[in-house]
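K.L.:
Please see the structure below; I have some questions.
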Amino acid sequence: MLRVFRYWVTLYRRTWRGSIVINVLNPLLFLIGIGAGLGALVDDNAPAQIAGVSYAAFFAPGMLAAAAMQNAFLEGSAGVARAAGFGAYRSATPTPLRPEQLAAGHLLFITFRVLIASGAFIVVMAAFGLIGGWWALGALLGATLTGVAFAAPAAAWAVGVRKLRHIDTVFRFVIMPLYMFSGTFFAVSQLPEWIRPVSYLLPLWHGVELCRTLSLGTATITGSSVHIAYLLTLAIGGFLVARVTYRRRLHP
Amino acid sequence: MTTVAVPAWTRRRALALIERNFMIYRRSVTPLLNALVEPILYLLSIGVGVGMLVGTVPGVDVPYAAYVGPAILATTAMNTAFNQTSFGVFIRMRVEKTYEAILPTPLSVTDIAVGEVTSAMINGLLTSIGFLTLMAVGGLVTSAWVLLALPASLLISYAFAAGGLAVTTYLRDFPDFQYIQLFMLPMYLFATTFYPLSVYPEAVRPLIQALPLYHSIELVREPALGHLSWDLLIPVAYLLAFGSVAMYVATRRMTRAMLR
Amino acid sequence: MVSTHPLVEARDLTKVYPARGSTPEFRAVDGIDFALERGESFGLLGPNGAGKSTTMRMIAATSPISGGSLRVLGMDPMKQGPEIRARLGVVTQDDHLDNELTVRENLHIYGRYFGLPRAVIRERATRLLDFAQLQEKAGDQVETLSGGMRRRLTIARSLINEPDILLLDEPTTGLDPQARHILWDRLFQLKQQGVTLILTTHYMDEAEQLCDRLVVVDHGRIVAQGSPQELIHRYATREVLELRFRLDERDTAAEKLRTSVLATGGTDAEGRVELLPDRVLVYTADGEAALATVHAMSLTPLTALVRRATLEDVFLKLTGRSLIE
């Protein structure tokens, strides 16, 4: 598993310049464009309307979790499908490495990537004075956990995907709506009452809540435990399924 | 450099390439719907969702969503057209090698470029019509002048389709597309899509006003809000010039690369 | 319209790719002359990188010439590219079929590129699908076709405008033997119908079957031309004796043969010995007699084969290397 992990790290060292664009710059641009820019309008209209803080402070941890989801999903789906189709998995199949080791190694690598990207984002948040205190470091783990909760099921599915187009479709119809309506940009409490329960079922909502409460210092033990349990279930469940689907695709 | 001269009578043959692109679209409307998903999500979540927090934009007396809608329409036309001549053309040029089969036919490289840009413009127009319809259904249309958005979307598509084509001639591999993202995403976020120019400090404004998307948004939003003035000729001239320069660069570079 | 001038005429035709960064200037085609008459079947032969494909692209008016002159159908490819291309059919080395379209749609859109009316295309497409033995595949996506089928579709596609000249760049490379034979049969049929063919190949049997006249090119220059029979007659002997030796015996045997009467001529005025990595070729008018001479020298080849000389032998003699390197 560590060998697989090291392989991906080596590969990453060659391509980091490209991926840094997506992983770090993307959410940062949103933080500035939406958090600061649009935030100026929000704060003018109704200062400290949401959770008693500026819009940027509200939005930033949401973006942190959402970015973790997007990065982890993309690497866990497109990255895995490519590796299974014509990349690293193909060349590893004839070696003694077992498919579940490939899965675990790749997921470990994705975790590591999400951790790095989230860390960079939190540093920027701190620089802008958008975090409540040391508690925010918990948000780093929260974001990473959110990433894994998406990467594992994504990998379990994508290892069997033969057309990258399908990943595009899932991204567009599942990940994008999650990103938009899980409380990233505005609080779920703003939604009409009848639809709110649906939001509480969305995995990203748990990620966003976990990160936001930790970042703003309003986390409760019960609340955080529920979020963590939900995300952990997805991560572990995803990995268990991945063990089966990896074996099915790589050792048919 | 040497070019193969092209008599004017072959120009109409660019139509054949448009026919080809639409033979593929005809089979399913998915690409068109796909192009609408993202703008609709943005309109709902930022326009409506965050709009509740914004109230109205200073100096604008319509709901925030009605302010953002036309801008998102402009970005939709932009993205549809741009994607077709960047991703689409790159794949046809480097992966599928579609043009290799077209070169031995009477079509010239210029015909190929014109055909691709025109198909992209048609696509840009179609998605704009789709988005405008949805805006109207959602009650976000406040002035009949919003219909000017349709000719505007053709012009926007022209500028960005030509721009996409020109940029594509510089790309070597798929990872290079990330550098395009590096330009397109900030432009999307900062070219007054979500808030007016007045949010920016005085010193930054000329920078924003230099962006092609800024002019595209002006061209759609101003009439949509019922503001008509001769000032609209500025974005028209800007986009025409931008598209034409890009078209010149694209054709030149494509000819050089393909007629080796 | 009957024209008096050749269909294609090249004089001192040259193609130079200018130096680019660390890549030095490259003369792909270095002053070649040839003329091609209507109804002829003309082959360009040469190893990889000899300049065959470049010559084809210049004739097809998709690559500007660097020097000399070239007339295609009496026109200048640099100025009248579209008019020339309208009357050519081109089969490039790779198929470049439109993978997003079906078999019939590929023919349709290609016809549209030539500005043909839909009704004309429909009628021709049906005929061409027949010709290419692809009737049953008409509605299938191109992706599902085998290599041989793709090739036949590419040829059918190139015929949609009923071209005056059909250019084929290595039409059968990469195909299995059955697929090649089907394709040869189709091309032979076209030739019978009077279509002018220009083809490049590095298969000698293909050249012998399909070409009336051949040009052998190497390093961008023409090293020989003539009909297949003329070339064999001029550059090879009637028969060839192929010998293989045990590894430990090979070098001494080769040395002996090289200094023997077989190499220097002696009784057989045309005699010549060629050493290849894996075998020794003895060019001779009488293979059996030559083999007797070998035995008389008390050499014991593992295998000995007497065969007729082929274009391959001509090729080896002219370029000193094998066709596919």
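Please note that chains go A, B, ... in the order of the structure tokens, that every chain numbers its residues from 1, and that ligands are numbered from 1 in the order shown.
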Residues near stretch 110-125 of chain A, anyone? I mean within 10 Å using only C-alpha atoms, not counting same-chain ones fewer than 6 positions away, as JSON, numbers by chain.
P.N.:
{"A": [5, 8, 9, 12, 19, 20, 22, 23, 24, 25, 27, 28, 31, 56, 57, 60, 61, 63, 64, 65, 67, 68, 69, 70, 71, 72, 73, 74, 75, 76, 79, 104, 131, 136, 137, 139, 140, 141, 142, 143, 144, 145, 146, 147, 148, 149, 151, 152, 215]}
K.L.:
Please save C-alpha atoms of the selected residues as a PDB file, in the first residue's frame.
P.N.:
```
ATOM      1  CA  PHE A   5       1.311   5.630  -2.263  1.00  0.00           C
ATOM      2  CA  TRP A   8       1.584   8.467  -6.726  1.00  0.00           C
ATOM      3  CA  VAL A   9       3.672  10.886  -4.720  1.00  0.00           C
ATOM      4  CA  TYR A  12       2.572  14.117  -8.230  1.00  0.00           C
ATOM      5  CA  SER A  19      -2.737  20.375 -10.231  1.00  0.00           C
ATOM      6  CA  ILE A  20      -1.965  23.263  -7.913  1.00  0.00           C
ATOM      7  CA  ILE A  22      -7.110  23.336  -9.680  1.00  0.00           C
ATOM      8  CA  ASN A  23      -6.544  22.302  -6.096  1.00  0.00           C
ATOM      9  CA  VAL A  24      -5.484  25.525  -4.477  1.00  0.00           C
ATOM     10  CA  LEU A  25      -6.098  28.420  -6.815  1.00  0.00           C
ATOM     11  CA  PRO A  27     -11.099  27.750  -4.244  1.00  0.00           C
ATOM     12  CA  LEU A  28      -8.947  30.779  -3.513  1.00  0.00           C
ATOM     13  CA  LEU A  31     -12.905  32.995  -1.778  1.00  0.00           C
ATOM     14  CA  ALA A  56     -16.560  35.875   3.910  1.00  0.00           C
ATOM     15  CA  ALA A  57     -16.078  34.197   7.292  1.00  0.00           C
ATOM     16  CA  ALA A  60     -14.761  30.382   3.542  1.00  0.00           C
ATOM     17  CA  PRO A  61     -15.172  27.144   5.554  1.00  0.00           C
ATOM     18  CA  MET A  63     -15.695  26.583   0.289  1.00  0.00           C
ATOM     19  CA  LEU A  64     -13.001  24.653   2.141  1.00  0.00           C
ATOM     20  CA  ALA A  65     -15.249  21.599   2.430  1.00  0.00           C
ATOM     21  CA  ALA A  67     -13.190  22.241  -2.610  1.00  0.00           C
ATOM     22  CA  ALA A  68     -12.090  19.147  -0.696  1.00  0.00           C
ATOM     23  CA  MET A  69     -15.082  17.322  -2.147  1.00  0.00           C
ATOM     24  CA  GLN A  70     -14.363  18.437  -5.719  1.00  0.00           C
ATOM     25  CA  ASN A  71     -10.656  17.642  -5.623  1.00  0.00           C
ATOM     26  CA  ALA A  72     -11.201  14.288  -3.986  1.00  0.00           C
ATOM     27  CA  PHE A  73     -14.005  13.365  -6.336  1.00  0.00           C
ATOM     28  CA  LEU A  74     -12.043  14.257  -9.460  1.00  0.00           C
ATOM     29  CA  GLU A  75      -8.929  12.354  -8.459  1.00  0.00           C
ATOM     30  CA  GLY A  76     -11.021   9.503  -7.056  1.00  0.00           C
ATOM     31  CA  GLY A  79      -7.748   9.625 -11.728  1.00  0.00           C
ATOM     32  CA  ALA A 104      -5.837   1.808  -0.342  1.00  0.00           C
ATOM     33  CA  ILE A 131     -10.995  31.933  11.362  1.00  0.00           C
ATOM     34  CA  ALA A 136      -9.945  25.893  12.959  1.00  0.00           C
ATOM     35  CA  LEU A 137      -7.225  23.280  12.679  1.00  0.00           C
ATOM     36  CA  ALA A 139     -11.549  22.108  10.118  1.00  0.00           C
ATOM     37  CA  LEU A 140      -8.439  20.862   8.323  1.00  0.00           C
ATOM     38  CA  LEU A 141      -9.235  17.335   9.466  1.00  0.00           C
ATOM     39  CA  GLY A 142     -12.907  17.937   8.748  1.00  0.00           C
ATOM     40  CA  ALA A 143     -12.153  18.950   5.153  1.00  0.00           C
ATOM     41  CA  THR A 144      -9.838  15.981   4.686  1.00  0.00           C
ATOM     42  CA  LEU A 145     -12.484  13.633   6.025  1.00  0.00           C
ATOM     43  CA  THR A 146     -15.013  15.192   3.643  1.00  0.00           C
ATOM     44  CA  GLY A 147     -12.602  14.513   0.800  1.00  0.00           C
ATOM     45  CA  VAL A 148     -12.164  10.856   1.743  1.00  0.00           C
ATOM     46  CA  ALA A 149     -15.910  10.445   2.139  1.00  0.00           C
ATOM     47  CA  ALA A 151     -13.018   9.810  -2.878  1.00  0.00           C
ATOM     48  CA  ALA A 152     -13.697   6.292  -1.581  1.00  0.00           C
ATOM     49  CA  SER A 215     -13.821  27.329  11.969  1.00  0.00           C
TER      50      SER A 215
END
```
K.L.:
Residues of chain A were defined as contacting chain B if any atom lay at most 6 Å from it, counting only C-alpha atoms; please report them as a list in words.
P.N.:
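Matching residues, ligands excluded from the count: Gly33, Leu41, Val42, Asn45, Met180 and Phe186 of chain A.
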K.L.:
May I ask you to extract the residues of chain B within 6 Å of chain C, using only C-alpha atoms, and to give them as JSON, numbers by chain?
P.N.:
{"B": [4, 5, 16, 97, 101, 104, 105, 106, 259, 260]}
K.L.:
For C:Leu13, list every protein, DNA or RNA residue within 12 Å, evaluated using only C-alpha atoms, and leave out those in the same chain fewer than 6 positions away; present the list as a PyMOL selection string.
P.N.:
chain C and resi 27-35+51+54-56+58-59+64-71+220-222
K.L.:
What would the file look like if the residues just selected were written as a CSV table (one decimal), in the first residue's frame with N, CA, C and O atoms?
P.N.:
```csv
chain,number,residue,atom,x,y,z
C,27,ARG,N,15.8,17.9,-45.7
C,27,ARG,CA,15.4,17.8,-47.1
C,27,ARG,C,14.6,16.5,-47.3
C,27,ARG,O,15.2,15.5,-47.6
C,28,ALA,N,13.3,16.6,-47.2
C,28,ALA,CA,12.5,15.3,-47.3
C,28,ALA,C,12.4,14.9,-48.7
C,28,ALA,O,12.5,13.7,-49.0
C,29,VAL,N,12.3,15.8,-49.6
C,29,VAL,CA,12.3,15.5,-51.0
C,29,VAL,C,13.4,16.4,-51.7
C,29,VAL,O,13.4,17.6,-51.5
C,30,ASP,N,14.3,15.7,-52.5
C,30,ASP,CA,15.5,16.4,-52.9
C,30,ASP,C,15.6,16.5,-54.4
C,30,ASP,O,16.5,15.9,-54.9
C,31,GLY,N,14.7,17.1,-55.1
C,31,GLY,CA,14.8,17.3,-56.5
C,31,GLY,C,14.4,16.0,-57.3
C,31,GLY,O,15.3,15.3,-57.8
C,32,ILE,N,13.1,15.7,-57.3
C,32,ILE,CA,12.7,14.6,-58.1
C,32,ILE,C,11.9,15.0,-59.3
C,32,ILE,O,11.2,16.0,-59.3
C,33,ASP,N,12.0,14.2,-60.4
C,33,ASP,CA,11.3,14.4,-61.6
C,33,ASP,C,10.5,13.2,-62.0
C,33,ASP,O,11.0,12.0,-61.9
C,34,PHE,N,9.2,13.4,-62.3
C,34,PHE,CA,8.4,12.3,-62.9
C,34,PHE,C,7.2,12.8,-63.6
C,34,PHE,O,6.8,14.0,-63.3
C,35,ALA,N,6.6,12.0,-64.4
C,35,ALA,CA,5.4,12.4,-65.1
C,35,ALA,C,4.4,11.2,-65.1
C,35,ALA,O,4.9,10.1,-65.1
C,51,GLY,N,10.7,10.0,-48.2
C,51,GLY,CA,10.1,11.2,-48.8
C,51,GLY,C,8.8,10.8,-49.6
C,51,GLY,O,8.3,11.7,-50.3
C,54,THR,N,5.6,12.7,-48.1
C,54,THR,CA,5.7,14.1,-48.4
C,54,THR,C,5.4,14.4,-49.8
C,54,THR,O,4.6,15.4,-50.1
C,55,THR,N,5.9,13.6,-50.7
C,55,THR,CA,5.6,13.8,-52.2
C,55,THR,C,4.1,13.6,-52.4
C,55,THR,O,3.5,14.5,-53.1
C,56,MET,N,3.5,12.6,-51.7
C,56,MET,CA,2.0,12.5,-51.9
C,56,MET,C,1.3,13.7,-51.4
C,56,MET,O,0.3,14.1,-52.0
C,58,MET,N,2.3,16.7,-51.3
C,58,MET,CA,2.5,17.9,-52.2
C,58,MET,C,1.6,17.7,-53.4
C,58,MET,O,1.0,18.7,-53.9
C,59,ILE,N,1.5,16.5,-53.9
C,59,ILE,CA,0.6,16.2,-55.0
C,59,ILE,C,-0.9,16.5,-54.6
C,59,ILE,O,-1.6,17.1,-55.4
C,64,PRO,N,2.8,22.7,-49.0
C,64,PRO,CA,3.4,23.6,-50.0
C,64,PRO,C,4.7,23.1,-50.5
C,64,PRO,O,5.5,22.6,-49.7
C,65,ILE,N,5.1,23.3,-51.7
C,65,ILE,CA,6.4,22.8,-52.2
C,65,ILE,C,7.4,23.8,-51.9
C,65,ILE,O,7.1,25.0,-51.7
C,66,SER,N,8.7,23.4,-51.7
C,66,SER,CA,9.8,24.3,-51.4
C,66,SER,C,10.5,24.7,-52.6
C,66,SER,O,11.2,25.8,-52.6
C,67,GLY,N,10.5,23.9,-53.7
C,67,GLY,CA,11.3,24.2,-54.8
C,67,GLY,C,11.0,23.4,-56.0
C,67,GLY,O,10.3,22.4,-55.9
C,68,GLY,N,11.4,23.7,-57.2
C,68,GLY,CA,11.1,23.0,-58.4
C,68,GLY,C,9.7,23.4,-58.8
C,68,GLY,O,9.2,24.4,-58.4
C,69,SER,N,9.1,22.5,-59.7
C,69,SER,CA,7.8,22.8,-60.1
C,69,SER,C,6.9,21.5,-60.0
C,69,SER,O,7.4,20.4,-60.1
C,70,LEU,N,5.6,21.8,-59.8
C,70,LEU,CA,4.7,20.7,-59.8
C,70,LEU,C,3.4,21.1,-60.4
C,70,LEU,O,2.9,22.2,-60.1
C,71,ARG,N,2.9,20.3,-61.4
C,71,ARG,CA,1.6,20.6,-61.9
C,71,ARG,C,0.7,19.4,-61.7
C,71,ARG,O,1.2,18.2,-61.9
C,220,GLY,N,15.1,11.0,-50.4
C,220,GLY,CA,14.5,12.1,-51.1
C,220,GLY,C,14.8,12.2,-52.6
C,220,GLY,O,14.5,13.1,-53.3
C,221,ARG,N,15.6,11.2,-53.1
C,221,ARG,CA,15.9,11.2,-54.5
C,221,ARG,C,15.4,10.0,-55.2
C,221,ARG,O,15.3,8.9,-54.5
C,222,ILE,N,15.2,10.1,-56.5
C,222,ILE,CA,14.8,8.9,-57.3
C,222,ILE,C,16.1,8.1,-57.6
C,222,ILE,O,17.0,8.6,-58.1
```
K.L.:
What are the DSSP helix (DSSP H, G or I) residues of stretch 162-194 of chain A, as a PyMOL selection string?
P.N.:
chain A and resi 164-181+188-190+193-194
K.L.:
For atom CA of C:Gly287 and atom CA of C:Glu208, quote the distance in Å rounded to one decimal.
P.N.:
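Interatomic distance, atom CA of C:Gly287 to atom CA of C:Glu208: 22.2 Å.
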K.L.:
To one decimal in Å, tell me the separation between atom CA of C:Glu40 and atom CA of C:Gln135.
P.N.:
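Calculated distance between atom CA of C:Glu40 and atom CA of C:Gln135 is 29.6 Å.
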K.L.:
Tell me which protein, DNA and RNA residues are within 12 Å of A:Ala187, counting only C-alpha atoms, leaving out same-chain ones fewer than 4 positions away, and put them as a ChimeraX atom specification.
P.N.:
/A:49-51,55,58-59,62,180-183,191-192,196,199-200,205,208-209,212 /B:45-46,49-50,52-53
K.L.:
Quick one: residues within 12 Å of C:Asp251, only C-alpha atoms, excluding same-chain residues fewer than 4 positions away - as a list in words?
P.N.:
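Listed by chain and then number, they are Arg244, Phe245, Arg246, Leu247, Glu255, Lys256, Leu257, Arg258, Leu275, Leu276, Pro277, Asp278, Arg279, Val280 and Leu299 of chain C.
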K.L.:
Measuring between only C-alpha atoms, which one of B:Val137, B:Ala166, B:Leu228, B:Leu239 shows the shortest distance to B:Ser153?
P.N.:
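Ranked by minimum distance to B:Ser153, first place goes to B:Leu239.
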K.L.:
List as an mmCIF file with all heavy atoms, in the first residue's frame the protein and nucleic acid residues near B:Thr133, meaning an atom at most 12 Å away when only C-alpha atoms are counted, but skip any in the same chain fewer than 5 places from it.
P.N.:
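Resulting contents of around14.cif:
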```
data_model
loop_
_atom_site.group_PDB
_atom_site.id
_atom_site.type_symbol
_atom_site.label_atom_id
_atom_site.label_comp_id
_atom_site.auth_asym_id
_atom_site.auth_seq_id
_atom_site.Cartn_x
_atom_site.Cartn_y
_atom_site.Cartn_z
ATOM 1 N N LEU B 36 -26.364 24.008 -20.116
ATOM 2 C CA LEU B 36 -27.279 24.850 -19.344
ATOM 3 C C LEU B 36 -27.258 24.536 -17.848
ATOM 4 O O LEU B 36 -27.670 25.363 -17.036
ATOM 5 C CB LEU B 36 -28.711 24.675 -19.873
ATOM 6 C CG LEU B 36 -29.030 25.449 -21.151
ATOM 7 C CD1 LEU B 36 -30.424 25.134 -21.637
ATOM 8 C CD2 LEU B 36 -28.904 26.957 -20.905
ATOM 9 N N ILE B 40 -27.592 27.384 -14.718
ATOM 10 C CA ILE B 40 -28.832 27.352 -13.933
ATOM 11 C C ILE B 40 -28.509 27.194 -12.449
ATOM 12 O O ILE B 40 -29.097 27.872 -11.593
ATOM 13 C CB ILE B 40 -29.751 26.217 -14.427
ATOM 14 C CG1 ILE B 40 -30.263 26.544 -15.829
ATOM 15 C CG2 ILE B 40 -30.919 26.010 -13.469
ATOM 16 C CD1 ILE B 40 -30.960 25.395 -16.504
ATOM 17 N N GLY B 69 -28.800 37.356 -13.605
ATOM 18 C CA GLY B 69 -29.250 36.537 -14.737
ATOM 19 C C GLY B 69 -28.616 36.898 -16.071
ATOM 20 O O GLY B 69 -28.003 36.044 -16.711
ATOM 21 N N PRO B 70 -28.725 38.157 -16.529
ATOM 22 C CA PRO B 70 -28.146 38.515 -17.829
ATOM 23 C C PRO B 70 -26.642 38.268 -17.890
ATOM 24 O O PRO B 70 -26.123 37.857 -18.936
ATOM 25 C CB PRO B 70 -28.435 40.018 -17.936
ATOM 26 C CG PRO B 70 -29.591 40.249 -17.017
ATOM 27 C CD PRO B 70 -29.457 39.267 -15.906
ATOM 28 N N LEU B 73 -26.118 34.730 -18.445
ATOM 29 C CA LEU B 73 -26.411 34.443 -19.854
ATOM 30 C C LEU B 73 -25.188 34.734 -20.725
ATOM 31 O O LEU B 73 -24.816 33.939 -21.581
ATOM 32 C CB LEU B 73 -27.600 35.278 -20.329
ATOM 33 C CG LEU B 73 -28.152 34.976 -21.725
ATOM 34 C CD1 LEU B 73 -29.654 35.181 -21.747
ATOM 35 C CD2 LEU B 73 -27.504 35.800 -22.815
ATOM 36 N N LEU B 126 -28.025 29.049 -29.303
ATOM 37 C CA LEU B 126 -29.032 28.098 -28.826
ATOM 38 C C LEU B 126 -29.066 28.025 -27.304
ATOM 39 O O LEU B 126 -30.139 28.045 -26.696
ATOM 40 C CB LEU B 126 -28.762 26.712 -29.415
ATOM 41 C CG LEU B 126 -29.017 26.564 -30.920
ATOM 42 C CD1 LEU B 126 -28.681 25.164 -31.397
ATOM 43 C CD2 LEU B 126 -30.466 26.901 -31.250
ATOM 44 N N THR B 127 -27.891 27.943 -26.662
ATOM 45 C CA THR B 127 -27.906 27.882 -25.198
ATOM 46 C C THR B 127 -28.429 29.199 -24.622
ATOM 47 O O THR B 127 -29.110 29.198 -23.600
ATOM 48 C CB THR B 127 -26.512 27.587 -24.618
ATOM 49 O OG1 THR B 127 -25.560 28.369 -25.307
ATOM 50 C CG2 THR B 127 -26.153 26.133 -24.745
ATOM 51 N N SER B 128 -28.126 30.299 -25.293
ATOM 52 C CA SER B 128 -28.628 31.583 -24.800
ATOM 53 C C SER B 128 -30.148 31.635 -24.873
ATOM 54 O O SER B 128 -30.807 32.130 -23.955
ATOM 55 C CB SER B 128 -28.038 32.734 -25.602
ATOM 56 O OG SER B 128 -26.645 32.729 -25.479
ATOM 57 N N GLY B 138 -38.778 32.016 -14.903
ATOM 58 C CA GLY B 138 -38.509 32.298 -13.499
ATOM 59 C C GLY B 138 -38.852 33.731 -13.100
ATOM 60 O O GLY B 138 -38.574 34.143 -11.982
ATOM 61 N N GLY B 139 -39.420 34.498 -14.027
ATOM 62 C CA GLY B 139 -39.822 35.864 -13.710
ATOM 63 C C GLY B 139 -38.658 36.821 -13.536
ATOM 64 O O GLY B 139 -38.747 37.808 -12.808
ATOM 65 N N LEU B 140 -37.542 36.533 -14.208
ATOM 66 C CA LEU B 140 -36.363 37.381 -14.028
ATOM 67 C C LEU B 140 -36.183 38.369 -15.170
ATOM 68 O O LEU B 140 -35.173 39.047 -15.260
ATOM 69 C CB LEU B 140 -35.109 36.514 -13.899
ATOM 70 C CG LEU B 140 -35.088 35.608 -12.664
ATOM 71 C CD1 LEU B 140 -33.825 34.757 -12.657
ATOM 72 C CD2 LEU B 140 -35.162 36.445 -11.388
ATOM 73 N N VAL B 141 -37.187 38.435 -16.052
ATOM 74 C CA VAL B 141 -37.085 39.372 -17.162
ATOM 75 C C VAL B 141 -37.838 40.639 -16.793
ATOM 76 O O VAL B 141 -39.011 40.592 -16.424
ATOM 77 C CB VAL B 141 -37.660 38.736 -18.441
ATOM 78 C CG1 VAL B 141 -37.887 39.786 -19.511
ATOM 79 C CG2 VAL B 141 -36.714 37.663 -18.962
ATOM 80 N N VAL B 146 -34.433 42.837 -23.284
ATOM 81 C CA VAL B 146 -33.612 41.663 -22.983
ATOM 82 C C VAL B 146 -33.418 40.819 -24.249
ATOM 83 O O VAL B 146 -32.453 40.075 -24.378
ATOM 84 C CB VAL B 146 -34.254 40.824 -21.852
ATOM 85 C CG1 VAL B 146 -35.409 39.987 -22.378
ATOM 86 C CG2 VAL B 146 -33.213 39.934 -21.186
ATOM 87 N N LEU B 147 -34.363 40.986 -25.209
ATOM 88 C CA LEU B 147 -34.239 40.225 -26.454
ATOM 89 C C LEU B 147 -32.963 40.568 -27.216
ATOM 90 O O LEU B 147 -32.475 39.777 -28.019
ATOM 91 C CB LEU B 147 -35.463 40.456 -27.345
ATOM 92 C CG LEU B 147 -36.709 39.697 -26.883
ATOM 93 C CD1 LEU B 147 -37.909 40.092 -27.705
ATOM 94 C CD2 LEU B 147 -36.464 38.189 -26.971
ATOM 95 N N ALA B 149 -30.311 40.403 -26.071
ATOM 96 C CA ALA B 149 -29.322 39.437 -25.599
ATOM 97 C C ALA B 149 -29.024 38.388 -26.661
ATOM 98 O O ALA B 149 -27.938 37.832 -26.690
ATOM 99 C CB ALA B 149 -29.822 38.753 -24.325
ATOM 100 N N LEU B 150 -29.984 38.128 -27.539
ATOM 101 C CA LEU B 150 -29.751 37.082 -28.531
ATOM 102 C C LEU B 150 -28.738 37.490 -29.596
ATOM 103 O O LEU B 150 -27.758 36.787 -29.795
ATOM 104 C CB LEU B 150 -31.084 36.615 -29.124
ATOM 105 C CG LEU B 150 -32.003 36.015 -28.049
ATOM 106 C CD1 LEU B 150 -33.308 35.543 -28.664
ATOM 107 C CD2 LEU B 150 -31.323 34.886 -27.300
#
```
K.L.:
Would you please give, as a ChimeraX atom specification, all residues of stretch 116-296 of chain C that DSSP assigns to strand (DSSP E or B) based on the backbone?
P.N.:
/C:141,165-169,196-201,213-218,221-226,239-244,272-275,280-284
